[in-house]
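Reproduced below: model.tsv, with TSV, C-alpha atoms.
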chain	number	residue	atom	x	y	z
A	9	MET	CA	-4.79	-4.01	16.12
A	10	HIS	CA	-8.26	-2.66	15.68
A	11	ARG	CA	-11.29	-4.76	14.84
A	12	GLY	CA	-13.34	-2.94	12.25
A	13	LEU	CA	-13.36	0.76	11.77
A	14	LYS	CA	-16.95	1.31	12.85
A	15	ASP	CA	-16.14	0.33	16.44
A	16	SER	CA	-12.69	1.89	16.72
A	17	PRO	CA	-11.87	4.61	19.24
A	18	MET	CA	-12.41	8.31	18.60
A	19	ASN	CA	-9.19	8.59	16.59
A	20	SER	CA	-10.35	5.91	14.14
A	21	LEU	CA	-9.81	6.19	10.44
A	22	SER	CA	-13.54	6.35	9.80
A	23	LEU	CA	-13.76	9.68	11.65
A	24	LEU	CA	-10.80	11.09	9.73
A	25	PHE	CA	-11.74	9.44	6.44
A	26	PRO	CA	-15.46	8.60	6.13
A	27	PHE	CA	-14.89	6.35	3.09
A	28	PHE	CA	-13.41	3.75	5.50
A	29	SER	CA	-16.65	3.42	7.46
A	30	GLY	CA	-17.61	0.18	5.67
A	31	VAL	CA	-14.28	-1.58	6.33
A	32	ASN	CA	-14.70	-4.31	8.95
A	33	SER	CA	-11.36	-6.15	8.77
A	34	THR	CA	-8.80	-6.19	11.56
A	35	PHE	CA	-6.13	-3.60	10.90
A	36	SER	CA	-3.18	-1.74	12.33
A	37	LYS	CA	-1.82	1.64	11.33
A	38	GLN	CA	1.69	3.01	11.51
A	39	SER	CA	4.13	5.47	10.01
A	40	VAL	CA	7.10	3.51	8.70
A	41	PRO	CA	10.39	5.47	8.68
A	42	VAL	CA	12.37	5.60	5.44
A	43	SER	CA	15.40	7.70	4.47
A	44	ASN	CA	15.92	11.41	5.14
A	45	GLY	CA	13.49	11.43	8.06
A	46	ASN	CA	10.54	10.61	5.82
A	47	GLN	CA	7.66	8.32	6.78
A	48	LEU	CA	5.21	6.19	4.80
A	49	TRP	CA	1.73	5.95	6.36
A	50	THR	CA	0.73	2.30	6.29
A	51	LEU	CA	-2.44	0.34	7.02
A	52	THR	CA	-1.95	-3.39	7.60
A	53	PHE	CA	-4.84	-5.84	7.24
A	54	SER	CA	-4.10	-9.39	8.34
A	55	SER	CA	-5.50	-12.30	10.30
A	56	ASP	CA	-4.08	-15.58	11.59
A	57	HIS	CA	-5.46	-17.68	8.73
A	58	VAL	CA	-3.59	-15.68	6.06
A	59	LYS	CA	-0.45	-14.53	7.91
A	60	ASP	CA	1.82	-17.05	6.12
A	61	LYS	CA	0.74	-16.10	2.60
A	62	THR	CA	2.60	-13.65	0.38
A	63	PRO	CA	1.32	-10.17	1.24
A	64	MET	CA	-0.23	-7.80	-1.27
A	65	VAL	CA	0.96	-4.20	-1.29
A	66	LEU	CA	-1.46	-1.60	-2.65
A	67	LEU	CA	-0.02	1.49	-4.34
A	68	HIS	CA	-2.48	4.29	-5.05
A	69	GLY	CA	-2.51	6.64	-8.03
A	70	PHE	CA	-1.54	10.28	-8.46
A	71	GLY	CA	-3.45	12.58	-6.13
A	72	GLY	CA	-4.81	9.60	-4.20
A	73	GLY	CA	-4.15	7.78	-0.98
A	74	VAL	CA	-5.05	4.62	0.88
A	75	GLY	CA	-8.75	5.55	0.68
A	76	ILE	CA	-8.91	4.47	-2.97
A	77	TRP	CA	-8.77	0.85	-1.73
A	78	ALA	CA	-11.53	1.14	0.93
A	79	GLN	CA	-14.09	-0.93	-0.99
A	80	ASN	CA	-11.55	-3.71	-1.64
A	81	LEU	CA	-9.79	-4.11	1.70
A	82	ASP	CA	-12.19	-6.62	3.28
A	83	ALA	CA	-12.24	-8.92	0.24
A	84	LEU	CA	-8.50	-8.76	-0.42
A	85	SER	CA	-7.52	-9.31	3.22
A	86	GLN	CA	-9.55	-12.54	3.40
A	87	ARG	CA	-7.00	-14.20	1.09
A	88	ARG	CA	-3.66	-12.76	2.22
A	89	PRO	CA	-2.14	-9.97	4.34
A	90	VAL	CA	-2.67	-6.56	2.74
A	91	PHE	CA	-0.62	-3.42	3.15
A	92	ALA	CA	-2.05	-0.13	1.86
A	93	LEU	CA	0.36	2.77	2.03
A	94	ASP	CA	0.40	6.42	1.13
A	95	LEU	CA	3.25	7.09	-1.28
A	96	LEU	CA	5.73	9.84	-0.44
A	97	GLY	CA	4.11	13.23	-0.96
A	98	PHE	CA	0.54	11.92	-0.58
A	99	GLY	CA	-2.02	11.32	2.16
A	100	GLN	CA	-0.55	10.97	5.63
A	101	SER	CA	3.01	10.29	4.40
A	102	SER	CA	5.88	12.77	4.45
A	103	ARG	CA	6.11	15.46	1.80
A	104	PRO	CA	9.75	15.63	0.79
A	105	LEU	CA	11.24	17.81	-1.87
A	106	PHE	CA	11.49	15.75	-5.04
A	107	SER	CA	14.16	16.14	-7.66
A	108	THR	CA	13.19	18.10	-10.75
A	109	ASP	CA	14.88	15.36	-12.80
A	110	ALA	CA	12.19	12.77	-13.67
A	111	GLU	CA	14.49	9.74	-13.32
A	112	GLU	CA	15.78	10.91	-9.94
A	113	ALA	CA	12.23	11.57	-8.71
A	114	GLU	CA	11.17	8.09	-9.86
A	115	ASP	CA	14.14	6.65	-7.99
A	116	GLN	CA	13.09	8.51	-4.83
A	117	PHE	CA	9.71	6.76	-4.96
A	118	VAL	CA	11.21	3.34	-5.77
A	119	GLU	CA	13.86	3.59	-3.05
A	120	SER	CA	11.26	4.64	-0.48
A	121	LEU	CA	9.28	1.48	-1.37
A	122	GLU	CA	12.37	-0.71	-0.97
A	123	GLN	CA	13.23	0.91	2.36
A	124	TRP	CA	9.60	0.47	3.46
A	125	ARG	CA	9.70	-3.23	2.45
A	126	ALA	CA	12.87	-3.80	4.47
A	127	LYS	CA	11.53	-1.96	7.55
A	128	VAL	CA	8.24	-3.89	7.48
A	129	GLY	CA	10.21	-7.12	7.06
A	130	LEU	CA	8.73	-8.50	3.85
A	131	GLU	CA	10.82	-10.98	1.86
A	132	SER	CA	8.54	-10.75	-1.17
A	133	MET	CA	5.21	-9.17	-2.05
A	134	ILE	CA	2.52	-8.92	-4.66
A	135	LEU	CA	2.29	-5.36	-5.99
A	136	LEU	CA	-1.05	-3.94	-7.07
A	137	GLY	CA	-0.96	-0.41	-8.38
A	138	HIS	CA	-3.40	2.10	-9.78
A	139	ASN	CA	-2.24	4.90	-12.07
A	140	LEU	CA	1.06	6.26	-10.65
A	141	GLY	CA	1.10	3.27	-8.28
A	142	GLY	CA	1.02	0.90	-11.26
A	143	TYR	CA	3.90	2.74	-12.87
A	144	LEU	CA	5.91	2.59	-9.65
A	145	ALA	CA	5.09	-1.12	-9.22
A	146	VAL	CA	6.61	-1.81	-12.64
A	147	SER	CA	9.60	0.45	-11.96
A	148	TYR	CA	10.19	-1.25	-8.60
A	149	SER	CA	9.88	-4.69	-10.21
A	150	ILE	CA	12.50	-3.84	-12.82
A	151	LYS	CA	14.96	-2.58	-10.21
A	152	TYR	CA	14.25	-5.31	-7.62
A	153	PRO	CA	13.19	-8.41	-9.60
A	154	ASP	CA	13.70	-10.78	-6.63
A	155	ARG	CA	11.46	-8.85	-4.24
A	156	TRP	CA	8.07	-9.27	-5.88
A	157	VAL	CA	5.88	-12.19	-6.89
A	158	PRO	CA	5.12	-12.09	-10.63
A	159	ILE	CA	1.36	-11.74	-10.22
A	160	MET	CA	0.76	-8.08	-10.84
A	161	GLY	CA	-2.60	-6.50	-11.35
A	162	PHE	CA	-3.50	-3.11	-12.69
A	163	PHE	CA	-6.93	-1.67	-12.90
A	164	LEU	CA	-8.54	1.38	-14.38
A	165	SER	CA	-9.97	4.27	-12.38
A	166	HIS	CA	-13.32	3.59	-10.75
A	167	CYS	CA	-13.11	-0.19	-11.28
A	168	ARG	CA	-13.08	-2.77	-8.52
A	169	VAL	CA	-10.24	-5.23	-8.09
A	170	VAL	CA	-11.17	-8.64	-9.46
A	171	LEU	CA	-10.16	-11.40	-7.05
A	172	PHE	CA	-8.96	-13.78	-9.77
A	173	LEU	CA	-5.93	-11.51	-10.08
A	174	ILE	CA	-4.65	-12.92	-6.79
Structure translated into structure tokens:
Amino acid sequence: MHRGLKDSPMNSLSLLFPFFSGVNSTFSKQSVPVSNGNQLWTLTFSSDHVKDKTPMVLLHGFGGGVGIWAQNLDALSQRRPVFALDLLGFGQSSRPLFSTDAEEAEDQFVESLEQWRAKVGLESMILLGHNLGGYLAVSYSIKYPDRWVPIMGFFLSHCRVVLFLI
């Protein structure tokens, strides 16, 4: 675990991604293996006082990555564990070949999320998605109705997450 990004070692996220320089929460980073040798880059924000609460999983929009959540990570992680991940094909995650069939491609995303959930060891989660992430949160929730807590928030581009959603 790292305490704050400002004081992290030379390979810290703030050096790679300057928009994380204001994040002060304790975090860990890992690539979580999913099928076909793919990996989902994951940042985990948690502390002892929230470790038993249902975690929130943040799914970014098209063309984005975990950086879209930088201004929200401290506030969100004060109330529950938070996982921010790069979807397949984005950010630091693997870039697999996707099916040209829209339904099959959607299923590739959804299945990678389910495999990620199982590998991380989450029984249930709160999904918060922006843009493509919101679409995938709904798609995942339809396919796996017992895996998510029915408190789902969506927000528009360039808006901040409102804490009453959680």
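Distance annotation: of A:Arg87, A:His68, A:Arg103, A:Lys37, the residue with the minimal separation from Gly137 of chain A is A:His68; atom set is only C-alpha atoms.
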Which one of A:Glu131, A:Glu119, A:Asp60, A:Glu112 sits closest to Leu48 of chain A if you count only C-alpha atoms? A:Glu119
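Omitting Arg88 of chain A and its sequence neighbours fewer than 5 positions away, and counting all atoms listed in the file, the residues within 6 Å are Val58, Lys61 and Pro63 of chain A.
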Leu51 of chain A surroundings by only C-alpha atoms, 8 Å radius, close-in-sequence under 2 positions cut, as a PyMOL selection string: chain A and resi 35-38+49+53+74+91-93
Taking (-16.0, -2.2, -0.5) in the coordinates of the supplied file, I want to know which residues reach to within 12 Å of it, counting only C-alpha atoms; could you give the answer as a PyMOL selection string? chain A and resi 27-33+75-85+167-169
Which of A:Tyr143, A:Tyr148, A:Trp156, A:Trp124 sits closest to Phe70 of chain A [using only C-alpha atoms]: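 Smallest distance to Phe70 of chain A is found for A:Tyr143.
Within 12 Å of Gly71 of chain A, once all atoms listed in the file are used and residues closer than 3 positions along the same chain are dropped, the contacting residues are Leu67, His68, Val74, Gly75, Ile76, Asp94, Leu95, Leu96, Gly97, Phe98, Gly99, His138, Asn139, Leu140 and Gly141 of chain A.
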